[in-house]
>>> print(open('input32.cif').read())   # mmCIF, C-alpha atoms
data_input
#
loop_
_atom_site.label_atom_id
_atom_site.label_comp_id
_atom_site.auth_asym_id
_atom_site.auth_seq_id
_atom_site.Cartn_x
_atom_site.Cartn_y
_atom_site.Cartn_z
CA MET F 197 0.00 0.00 0.00
CA ASN F 198 1.47 3.34 -0.98
CA LYS F 199 0.90 6.69 0.70
CA SER F 200 -2.14 7.79 -1.24
CA GLU F 201 -3.84 4.41 -0.90
CA TYR F 202 -3.10 4.53 2.79
CA LEU F 203 -4.55 8.01 3.22
CA ASP F 204 -7.60 7.06 1.12
CA SER F 205 -8.14 4.09 3.36
CA ILE F 206 -8.16 6.35 6.44
CA ARG F 207 -10.50 8.75 4.66
CA SER F 208 -13.00 6.02 3.81
CA LYS F 209 -13.05 4.78 7.40
CA LEU F 210 -13.86 8.27 8.64
CA ALA F 211 -16.60 8.79 6.04
CA GLY F 212 -19.59 10.65 7.45
CA LEU F 213 -17.62 12.79 9.88
CA PRO F 214 -17.49 16.54 9.11
CA GLU F 215 -15.25 17.18 6.08
CA LYS F 216 -13.10 19.53 8.19
CA ASP F 217 -12.28 16.77 10.69
CA ILE F 218 -11.41 14.31 7.95
CA ASN F 219 -9.12 16.74 6.13
CA SER F 220 -7.35 17.69 9.32
CA ALA F 221 -6.64 14.03 10.04
CA ILE F 222 -5.43 13.34 6.50
CA GLU F 223 -3.09 16.35 6.62
CA TYR F 224 -1.75 15.19 9.95
CA TYR F 225 -1.02 11.64 8.83
CA GLU F 226 0.45 12.79 5.54
CA GLU F 227 2.87 14.95 7.50
CA ALA F 228 3.66 12.03 9.80
CA ILE F 229 4.65 9.89 6.82
CA GLU F 230 6.65 12.67 5.14
CA ASP F 231 8.58 13.33 8.34
CA ARG F 232 9.54 9.71 8.65
CA ILE F 233 10.63 9.48 5.03
CA GLU F 234 12.76 12.57 5.63
CA ASP F 235 14.23 10.74 8.61
CA GLY F 236 15.48 7.97 6.29
CA LEU F 237 12.62 5.46 6.21
CA THR F 238 11.15 4.18 2.95
CA GLU F 239 7.52 5.02 2.21
CA GLU F 240 6.46 1.53 3.15
CA GLN F 241 8.37 1.56 6.45
CA ALA F 242 6.98 5.00 7.24
CA ILE F 243 3.41 3.80 6.69
CA LYS F 244 4.02 0.81 8.89
CA ALA F 245 5.50 2.99 11.64
CA VAL F 246 2.53 5.36 11.61
CA GLY F 247 0.02 2.59 12.21
CA THR F 248 -2.84 0.78 10.52
CA PRO F 249 -5.77 2.80 9.10
CA GLU F 250 -8.05 0.79 11.41
CA GLU F 251 -6.42 1.87 14.66
CA ILE F 252 -6.06 5.45 13.39
CA ALA F 253 -9.74 5.66 12.47
CA GLU F 254 -10.85 4.03 15.69
CA LYS F 255 -8.94 6.48 17.88
CA ILE F 256 -10.38 9.42 15.97
CA LEU F 257 -13.92 8.05 16.12
CA MET F 258 -13.67 7.32 19.84
CA ASP F 259 -12.58 10.91 20.35
CA SER F 260 -15.49 12.38 18.36
CA SER F 261 -18.64 13.51 20.14
CA ILE F 262 -21.68 11.21 20.18
CA PRO F 263 -23.83 13.51 17.96
CA LYS F 264 -21.02 13.54 15.37
CA LEU F 265 -20.80 9.74 15.48
CA ILE F 266 -24.55 9.34 15.04
CA THR F 267 -24.55 11.73 12.08
CA ALA F 268 -21.61 9.90 10.56
CA LYS F 269 -23.33 6.58 11.03
CA ALA F 270 -26.68 7.79 9.68
CA LYS F 271 -25.19 9.45 6.60
CA PRO F 272 -25.55 7.06 3.65
CA GLN F 273 -22.22 6.05 2.11
CA ARG F 274 -23.82 6.03 -1.41
CA THR F 275 -26.77 7.64 -3.09
CA LEU F 276 -29.96 5.93 -2.08
CA LYS F 277 -32.29 4.35 -4.57
CA GLY F 278 -35.84 5.64 -4.88
CA TRP F 279 -37.45 2.66 -3.16
CA GLU F 280 -34.98 2.92 -0.28
CA ILE F 281 -35.96 6.53 0.32
CA ALA F 282 -39.61 5.52 0.16
CA LEU F 283 -39.01 2.78 2.73
CA ILE F 284 -37.26 5.20 5.06
CA ILE F 285 -40.15 7.64 4.85
CA ILE F 286 -42.80 4.95 5.37
CA GLY F 287 -40.84 3.54 8.30
CA SER F 288 -40.12 6.94 9.81
CA PRO F 289 -42.79 6.84 12.57
CA LEU F 290 -41.13 3.68 13.82
CA TRP F 291 -37.45 4.62 13.65
CA ILE F 292 -38.00 8.15 14.92
CA ILE F 293 -39.65 6.67 18.01
CA ILE F 294 -36.88 4.09 18.45
CA GLY F 295 -34.23 6.79 18.10
CA ALA F 296 -35.99 9.05 20.56
CA CYS F 297 -36.28 6.18 23.05
CA LEU F 298 -32.57 5.40 22.80
CA LEU F 299 -31.75 9.08 23.29
CA ILE F 300 -34.02 9.30 26.33
CA VAL F 301 -32.49 6.18 27.88
CA PHE F 302 -29.00 7.59 27.30
CA LEU F 303 -29.85 10.97 28.84
CA SER F 304 -31.64 9.30 31.76
CA VAL F 305 -28.60 7.25 32.68
CA ILE F 306 -26.34 10.30 32.61
CA LEU F 307 -28.82 12.50 34.47
CA THR F 308 -29.39 9.84 37.12
CA LEU F 309 -25.66 9.65 37.79
CA PHE F 310 -25.50 13.45 37.96
CA TRP F 311 -28.40 13.62 40.43
CA VAL F 312 -26.78 10.99 42.62
CA MET F 313 -23.65 13.15 42.70
CA LEU F 314 -25.70 16.24 43.51
CA ALA F 315 -27.64 14.42 46.23
CA ILE F 316 -24.42 13.27 47.89
CA ILE F 317 -23.03 16.80 47.85
CA CYS F 318 -26.28 18.18 49.29
CA CYS F 319 -26.25 15.65 52.14
CA VAL F 320 -22.75 16.54 53.25
CA VAL F 321 -23.28 20.29 52.88
CA GLY F 322 -26.56 19.89 54.77
CA ILE F 323 -24.88 18.08 57.65
CA ILE F 324 -22.10 20.65 57.95
CA VAL F 325 -24.27 23.74 57.61
CA GLY F 326 -26.95 22.27 59.88
CA SER F 327 -24.47 21.42 62.61
CA LEU F 328 -22.84 24.86 62.42
CA GLY F 329 -26.27 26.45 62.77
CA GLY F 330 -27.06 24.13 65.67
CA ILE F 331 -23.81 25.03 67.42
CA ALA F 332 -24.52 28.74 67.08
CA ALA F 333 -28.11 28.32 68.28
CA SER F 334 -27.20 26.21 71.29
CA ILE F 335 -24.45 28.64 72.37
CA ALA F 336 -26.94 31.50 72.14
CA GLN F 337 -29.39 29.42 74.18
CA LEU F 338 -26.74 28.75 76.84
CA PHE F 339 -26.31 32.48 77.37
CA THR F 340 -30.03 33.03 77.71
CA GLY F 341 -30.24 30.31 80.36
CA GLY F 342 -30.82 27.18 78.32
CA GLY F 343 -29.23 24.85 80.86
CA ALA F 344 -28.52 21.13 80.44
CA SER F 345 -30.56 20.64 77.28
CA SER F 346 -28.51 23.34 75.49
CA VAL F 347 -25.26 21.68 76.55
CA ALA F 348 -26.55 18.38 75.21
CA MET F 349 -27.60 20.01 71.96
CA LEU F 350 -24.21 21.68 71.62
CA GLY F 351 -22.49 18.32 72.06
CA ILE F 352 -24.68 16.62 69.50
CA CYS F 353 -24.09 19.41 66.99
CA ILE F 354 -20.32 19.25 67.44
CA MET F 355 -20.46 15.50 66.91
CA LEU F 356 -22.53 16.04 63.78
CA LEU F 357 -20.00 18.56 62.49
CA GLY F 358 -17.26 16.02 63.06
CA VAL F 359 -19.19 13.40 61.09
CA GLY F 360 -19.72 15.91 58.28
CA VAL F 361 -16.04 16.79 58.07
CA LEU F 362 -15.03 13.13 58.19
CA LEU F 363 -17.41 12.43 55.31
CA VAL F 364 -15.67 14.89 52.99
CA VAL F 365 -12.83 12.54 51.97
CA PRO F 366 -14.90 9.42 51.17
CA VAL F 367 -17.48 11.60 49.43
CA LYS F 368 -14.78 13.13 47.24
CA ALA F 369 -13.66 9.62 46.30
CA ALA F 370 -17.25 8.61 45.58
CA LEU F 371 -17.76 11.64 43.35
CA THR F 372 -14.59 10.90 41.36
CA GLY F 373 -15.78 7.32 41.00
CA LEU F 374 -19.19 8.41 39.74
CA TRP F 375 -17.59 10.88 37.37
CA GLU F 376 -15.45 8.10 35.93
CA LEU F 377 -18.53 5.92 35.66
CA ILE F 378 -20.16 8.60 33.50
CA ALA F 379 -17.04 8.79 31.30
CA LYS F 380 -17.00 4.99 31.04
CA PHE F 381 -20.66 4.88 30.06
CA ILE F 382 -20.10 7.49 27.33
CA ARG F 383 -17.13 5.51 25.99
CA TRP F 384 -19.25 2.36 25.99
CA VAL F 385 -22.02 4.07 24.03
CA LYS F 386 -19.47 5.40 21.52
CA ARG F 387 -18.01 1.93 21.07
CA LYS F 388 -21.52 0.61 20.41
CA ILE F 389 -22.07 3.26 17.74
CA ILE F 390 -18.68 2.74 16.08
CA GLY F 391 -18.98 -1.02 16.61
CA ASN F 392 -20.01 -2.49 13.25
CA LYS F 393 -17.99 0.05 11.35
CA ALA F 394 -14.68 -0.85 12.98
CA THR F 395 -15.14 -4.61 12.72
CA LYS F 396 -16.44 -4.31 9.20
CA THR F 397 -13.27 -2.58 8.02
CA VAL F 398 -10.76 -5.03 9.49
CA ASN F 399 -9.86 -6.97 6.37
CA ASN F 400 -6.92 -7.20 3.99
CA THR F 401 -5.90 -3.57 4.47
CA GLU F 402 -3.37 -4.49 7.16
CA VAL F 403 0.07 -3.10 6.22
CA LYS F 404 2.32 -5.92 5.21
CA MET K 735 0.57 2.07 34.62
CA ASP K 736 -3.09 2.73 35.33
CA THR K 737 -4.76 3.85 32.05
CA GLN K 738 -6.58 6.78 33.65
CA MET K 739 -3.30 8.05 35.06
CA LYS K 740 -1.45 7.46 31.80
CA ARG K 741 -4.01 9.51 29.91
CA GLY K 742 -3.51 12.49 32.20
CA LEU K 743 0.26 12.20 32.13
CA LEU K 744 0.35 12.04 28.34
CA ASP K 745 -1.33 15.44 28.05
CA ILE K 746 1.30 16.87 30.37
CA LEU K 747 4.17 15.22 28.50
CA VAL K 748 2.95 16.62 25.19
CA LEU K 749 2.63 20.11 26.66
CA ALA K 750 6.11 19.82 28.15
CA ALA K 751 7.49 18.79 24.75
CA ILE K 752 6.42 22.11 23.23
CA LYS K 753 7.38 24.20 26.25
CA GLY K 754 10.83 25.26 25.04
CA GLU K 755 10.05 25.87 21.41
CA ASP K 756 7.24 25.09 19.00
CA SER K 757 7.36 21.51 17.84
CA TYR K 758 5.65 19.13 15.38
CA GLY K 759 4.07 15.69 15.65
CA TYR K 760 7.00 13.45 14.82
CA LYS K 761 9.42 15.44 16.99
CA ILE K 762 7.02 15.36 19.95
CA ILE K 763 6.84 11.57 19.70
CA LYS K 764 10.63 11.29 19.58
CA ASP K 765 11.10 13.75 22.45
CA ILE K 766 8.77 12.01 24.86
CA LYS K 767 9.87 8.50 23.88
CA PRO K 768 12.31 8.16 26.83
CA TYR K 769 9.30 8.60 29.16
CA MET K 770 6.42 7.05 27.25
CA THR K 771 6.19 5.39 23.86
CA ILE K 772 3.16 6.55 21.93
CA SER K 773 1.94 6.15 18.37
CA GLU K 774 0.78 8.84 15.97
CA SER K 775 -2.76 7.54 16.36
CA THR K 776 -2.56 8.24 20.09
CA LEU K 777 -0.93 11.64 19.71
CA TYR K 778 -3.34 13.02 17.14
CA PRO K 779 -6.49 13.02 19.34
CA ILE K 780 -4.44 14.42 22.24
CA LEU K 781 -3.23 17.36 20.16
CA ARG K 782 -6.77 18.06 18.98
CA ARG K 783 -8.14 17.88 22.49
CA LEU K 784 -5.43 20.18 23.84
CA GLU K 785 -6.10 22.62 21.02
CA GLU K 786 -9.82 22.63 21.75
CA ALA K 787 -9.05 23.23 25.43
CA GLY K 788 -6.94 26.24 24.46
CA CYS K 789 -3.71 24.75 25.83
CA LEU K 790 -1.94 25.02 22.49
CA THR K 791 -2.30 26.71 19.11
CA VAL K 792 -1.44 25.30 15.70
CA ARG K 793 0.23 27.05 12.79
CA SER K 794 1.33 25.73 9.44
CA ALA K 795 4.82 26.59 8.26
CA GLU K 796 6.68 25.59 5.13
CA HIS K 797 9.29 22.91 5.49
CA ASN K 798 11.13 21.32 2.53
CA GLY K 799 8.49 22.47 0.09
CA ARG K 800 5.55 21.13 2.10
CA LEU K 801 3.49 22.32 5.02
CA ARG K 802 4.16 21.17 8.52
CA LYS K 803 2.02 21.90 11.56
CA TYR K 804 3.77 23.43 14.53
CA TYR K 805 2.25 23.45 17.98
CA HIS K 806 2.70 26.40 20.31
CA LEU K 807 2.12 26.40 24.08
CA THR K 808 -0.43 29.00 25.27
CA ASP K 809 -0.74 30.62 28.69
CA ALA K 810 -3.48 28.14 29.58
CA GLY K 811 -1.09 25.33 28.65
CA LYS K 812 1.67 26.83 30.77
CA LYS K 813 -0.75 27.05 33.69
CA LYS K 814 -1.57 23.37 33.27
CA LEU K 815 2.12 22.53 33.56
CA THR K 816 2.65 24.62 36.70
CA ASP K 817 -0.53 23.19 38.27
CA PHE K 818 0.82 19.72 37.53
CA ALA K 819 4.15 20.51 39.19
CA GLU K 820 2.36 21.88 42.28
CA GLU K 821 0.10 18.87 42.54
CA TRP K 822 3.01 16.48 42.25
CA LYS K 823 4.87 18.08 45.09
CA GLU K 824 2.10 16.77 47.35
CA ILE K 825 2.08 13.39 45.64
CA MET K 826 5.87 13.11 46.03
CA GLU K 827 5.52 13.68 49.77
CA ILE K 828 3.04 10.82 49.93
CA TYR K 829 5.42 8.73 47.84
CA GLU K 830 8.30 9.36 50.26
CA TYR K 831 6.04 8.29 53.10
CA VAL K 832 4.88 5.13 51.33
CA VAL K 833 8.42 4.08 50.42
CA ARG K 834 9.71 4.75 53.91
CA GLU K 835 6.91 2.76 55.56
CA GLY K 836 7.64 -0.16 53.26
CA LYS K 837 11.28 -0.25 54.33
CA ASP K 838 10.40 -0.16 58.03
CA ASN K 839 8.27 -3.26 57.68
CA GLU K 840 10.92 -5.33 55.97
#
>>> encode(input="input32.cif", output="structure tokens")
Amino acid sequence: MNKSEYLDSIRSKLAGLPEKDINSAIEYYEEAIEDRIEDGLTEEQAIKAVGTPEEIAEKILMDSSIPKLITAKAKPQRTLKGWEIALIIIGSPLWIIIGACLLIVFLSVILTLFWVMLAIICCVVGIIVGSLGGIAASIAQLFTGGGASSVAMLGICIMLLGVGVLLVVPVKAALTGLWELIAKFIRWVKRKIIGNKATKTVNNTEVK
Amino acid sequence: MDTQMKRGLLDILVLAAIKGEDSYGYKIIKDIKPYMTISESTLYPILRRLEEAGCLTVRSAEHNGRLRKYYHLTDAGKKKLTDFAEEWKEIMEIYEYVVREGKDNE
């Protein structure tokens, strides 16, 4: 495979992405090959050193946003025949609903994780603010003759404050974990969208 | 190394590689090779991401009758590097502690 075949192969695997993204990638990989040739490698060695079109395309696709991937996937790779267009229009009530459902499920999962994060933050902030308020109130009560019950309340509030402060570290870890879970979920969805495309293209294009 | 950690460190390594003077893809790969071996297919998305985040800018300049893209570190990129150095001071302290404890137990 020579340079132009190689670059064409990358281009075809990125088909459907915005033209600007594709051109930027092609320019980049062309430069990568040229630089290696300048460094003394043959064209073939340079291509081999840069990597297979499959892995290049996969990395780029995994780094593209989900809307871009869906557009790329939905864009037909050839002009559609009349009956195909007719079928798409007739079937539209069905696939629009399916698409909307998938989108809603996706957003629900992400939102749920976000709300869990928010709820955790609210709990801890609530405990800390509440206990600080309680401490202030019970001290004020002590001065106005609150007696034993105010002392007890003060103690409880200080304990509560301690619990709140102690919770900060594990909560931070939990939030990072949840955040990573969101990132993982997004990567999983992307892989599902790219899925067929990547496996479909692994064939005899491997650089020998 | 943990993949999550590697991903973060790669961004920093790439920024560090263009700290002194503007650099290009192949040179960045060669410069960071002693620390981490990466392929062009790994570097490309990183450069794009860093550009989108405003940590670097790209310009095309002529080289041997063709265009080559040079990457330039921005102020935001410099800040990322100093933040990293600050953060690692703390991590190094923890490291010292961990290593010392290990020796005591032997």
>>> resolve_selection(input="input32.cif", expression="the PyMOL selection byres ((chain K) within 9 of (chain F))", output="compact mmCIF listing (two decimals) with C-alpha atoms, in the coordinates of the input")
# COMPACT_ATOMS: atom_id res chain seq x y z
CA GLY K 759 4.07 15.69 15.65
CA TYR K 760 7.00 13.45 14.82
CA LYS K 761 9.42 15.44 16.99
CA SER K 773 1.94 6.15 18.37
CA GLU K 774 0.78 8.84 15.97
CA SER K 775 -2.76 7.54 16.36
CA THR K 776 -2.56 8.24 20.09
CA TYR K 778 -3.34 13.02 17.14
CA PRO K 779 -6.49 13.02 19.34
CA ARG K 783 -8.14 17.88 22.49
CA ARG K 800 5.55 21.13 2.10
CA LEU K 801 3.49 22.32 5.02
CA ARG K 802 4.16 21.17 8.52
CA LYS K 803 2.02 21.90 11.56
>>> resolve_selection(input="input32.cif", expression="the PyMOL selection byres ((chain F and resi 371) around 10)", output="ChimeraX atom specification")
/F:309-310,312-314,316-317,365-370,372-377
>>> write_last_selection(input="input32.cif", atoms="C-alpha atoms", output="PDB file, keeping the file's coordinate frame")
ATOM      1  CA  LEU F 309     -25.660   9.650  37.790  1.00  0.00           C
ATOM      2  CA  PHE F 310     -25.500  13.450  37.960  1.00  0.00           C
ATOM      3  CA  VAL F 312     -26.780  10.990  42.620  1.00  0.00           C
ATOM      4  CA  MET F 313     -23.650  13.150  42.700  1.00  0.00           C
ATOM      5  CA  LEU F 314     -25.700  16.240  43.510  1.00  0.00           C
ATOM      6  CA  ILE F 316     -24.420  13.270  47.890  1.00  0.00           C
ATOM      7  CA  ILE F 317     -23.030  16.800  47.850  1.00  0.00           C
ATOM      8  CA  VAL F 365     -12.830  12.540  51.970  1.00  0.00           C
ATOM      9  CA  PRO F 366     -14.900   9.420  51.170  1.00  0.00           C
ATOM     10  CA  VAL F 367     -17.480  11.600  49.430  1.00  0.00           C
ATOM     11  CA  LYS F 368     -14.780  13.130  47.240  1.00  0.00           C
ATOM     12  CA  ALA F 369     -13.660   9.620  46.300  1.00  0.00           C
ATOM     13  CA  ALA F 370     -17.250   8.610  45.580  1.00  0.00           C
ATOM     14  CA  THR F 372     -14.590  10.900  41.360  1.00  0.00           C
ATOM     15  CA  GLY F 373     -15.780   7.320  41.000  1.00  0.00           C
ATOM     16  CA  LEU F 374     -19.190   8.410  39.740  1.00  0.00           C
ATOM     17  CA  TRP F 375     -17.590  10.880  37.370  1.00  0.00           C
ATOM     18  CA  GLU F 376     -15.450   8.100  35.930  1.00  0.00           C
ATOM     19  CA  LEU F 377     -18.530   5.920  35.660  1.00  0.00           C
TER      20      LEU F 377
END
>>> atom_distance(input="input32.cif", atom1="CA of Trp822 in chain K", atom2="CA of Lys380 in chain F")
25.7 Å
>>> axis_aligned_box(input="input32.cif", around="range 737-746 of chain K", padding_each_side="3 Å", output="AutoDock Vina command-line options")
--center_x -2.6 --center_y 10.4 --center_z 31.6 --size_x 13.9 --size_y 19.0 --size_z 13.0
>>> residues_around(input="input32.cif", residues="Leu356 in chain F", least_positions_apart="3", cutoff="7 Å", atoms="all atoms listed in the file", output="number ranges by chain")
F: 323, 327, 352-353, 359-360
>>> atom_distance(input="input32.cif", atom1="CA of Ala810 in chain K", atom2="CA of Glu215 in chain F")
28.5 Å
>>> atom_distance(input="input32.cif", atom1="CA of Gly295 in chain F", atom2="CA of Thr267 in chain F")
12.4 Å
>>> build_atoms(input="input32.cif", residues="range 215-226 of chain F", atoms="all heavy atoms", output="compact mmCIF listing (two decimals), keeping the file's coordinate frame")
# COMPACT_ATOMS: atom_id res chain seq x y z
N GLU F 215 -16.36 17.13 7.04
CA GLU F 215 -15.25 17.18 6.08
C GLU F 215 -14.00 17.80 6.71
O GLU F 215 -12.88 17.36 6.47
CB GLU F 215 -15.71 18.00 4.86
CG GLU F 215 -14.96 17.70 3.57
CD GLU F 215 -14.99 16.23 3.16
OE1 GLU F 215 -16.00 15.53 3.45
OE2 GLU F 215 -14.01 15.79 2.57
N LYS F 216 -14.21 18.82 7.55
CA LYS F 216 -13.10 19.53 8.19
C LYS F 216 -12.27 18.57 9.06
O LYS F 216 -11.04 18.59 9.03
CB LYS F 216 -13.69 20.65 9.06
CG LYS F 216 -12.71 21.73 9.42
CD LYS F 216 -13.41 22.80 10.24
CE LYS F 216 -12.96 22.73 11.66
NZ LYS F 216 -13.82 22.55 12.74
N ASP F 217 -12.97 17.73 9.81
CA ASP F 217 -12.28 16.77 10.69
C ASP F 217 -11.47 15.77 9.87
O ASP F 217 -10.35 15.42 10.23
CB ASP F 217 -13.30 15.99 11.55
CG ASP F 217 -13.94 16.88 12.59
OD1 ASP F 217 -13.71 18.11 12.54
OD2 ASP F 217 -14.68 16.37 13.45
N ILE F 218 -12.08 15.31 8.77
CA ILE F 218 -11.41 14.31 7.95
C ILE F 218 -10.14 14.91 7.34
O ILE F 218 -9.06 14.33 7.42
CB ILE F 218 -12.34 13.80 6.83
CG1 ILE F 218 -13.57 13.14 7.46
CG2 ILE F 218 -11.62 12.80 5.93
CD1 ILE F 218 -14.55 12.60 6.46
N ASN F 219 -10.28 16.13 6.77
CA ASN F 219 -9.12 16.74 6.13
C ASN F 219 -7.99 17.00 7.12
O ASN F 219 -6.82 16.81 6.81
CB ASN F 219 -9.52 18.06 5.46
CG ASN F 219 -10.35 17.79 4.22
OD1 ASN F 219 -10.27 16.72 3.62
ND2 ASN F 219 -11.16 18.76 3.84
N SER F 220 -8.37 17.43 8.31
CA SER F 220 -7.35 17.69 9.32
C SER F 220 -6.59 16.42 9.66
O SER F 220 -5.36 16.42 9.79
CB SER F 220 -8.03 18.31 10.56
OG SER F 220 -7.46 17.84 11.73
N ALA F 221 -7.30 15.30 9.74
CA ALA F 221 -6.64 14.03 10.04
C ALA F 221 -5.74 13.61 8.89
O ALA F 221 -4.60 13.17 9.10
CB ALA F 221 -7.69 12.95 10.31
N ILE F 222 -6.23 13.74 7.67
CA ILE F 222 -5.43 13.34 6.50
C ILE F 222 -4.15 14.16 6.43
O ILE F 222 -3.05 13.62 6.22
CB ILE F 222 -6.26 13.50 5.20
CG1 ILE F 222 -7.48 12.59 5.23
CG2 ILE F 222 -5.40 13.21 3.97
CD1 ILE F 222 -7.19 11.12 5.32
N GLU F 223 -4.27 15.48 6.63
CA GLU F 223 -3.09 16.35 6.62
C GLU F 223 -2.09 15.88 7.67
O GLU F 223 -0.89 15.82 7.43
CB GLU F 223 -3.48 17.80 6.93
CG GLU F 223 -3.94 18.60 5.74
CD GLU F 223 -4.55 19.92 6.17
OE1 GLU F 223 -4.10 20.49 7.21
OE2 GLU F 223 -5.48 20.39 5.49
N TYR F 224 -2.62 15.59 8.84
CA TYR F 224 -1.75 15.19 9.95
C TYR F 224 -0.97 13.92 9.60
O TYR F 224 0.24 13.84 9.78
CB TYR F 224 -2.58 14.98 11.22
CG TYR F 224 -1.73 14.59 12.39
CD1 TYR F 224 -1.15 15.56 13.20
CD2 TYR F 224 -1.48 13.25 12.68
CE1 TYR F 224 -0.35 15.21 14.26
CE2 TYR F 224 -0.67 12.90 13.73
CZ TYR F 224 -0.12 13.87 14.52
OH TYR F 224 0.69 13.53 15.58
N TYR F 225 -1.69 12.92 9.09
CA TYR F 225 -1.02 11.64 8.83
C TYR F 225 -0.11 11.70 7.61
O TYR F 225 0.88 10.97 7.53
CB TYR F 225 -2.05 10.51 8.74
CG TYR F 225 -2.53 10.16 10.14
CD1 TYR F 225 -3.73 10.62 10.63
CD2 TYR F 225 -1.69 9.44 10.98
CE1 TYR F 225 -4.12 10.37 11.94
CE2 TYR F 225 -2.07 9.18 12.28
CZ TYR F 225 -3.29 9.63 12.76
OH TYR F 225 -3.64 9.38 14.05
N GLU F 226 -0.44 12.60 6.68
CA GLU F 226 0.45 12.79 5.54
C GLU F 226 1.78 13.36 6.05
O GLU F 226 2.86 12.90 5.69
CB GLU F 226 -0.19 13.73 4.52
CG GLU F 226 0.64 13.83 3.26
CD GLU F 226 -0.11 14.50 2.12
OE1 GLU F 226 -1.17 15.12 2.39
OE2 GLU F 226 0.38 14.43 0.99
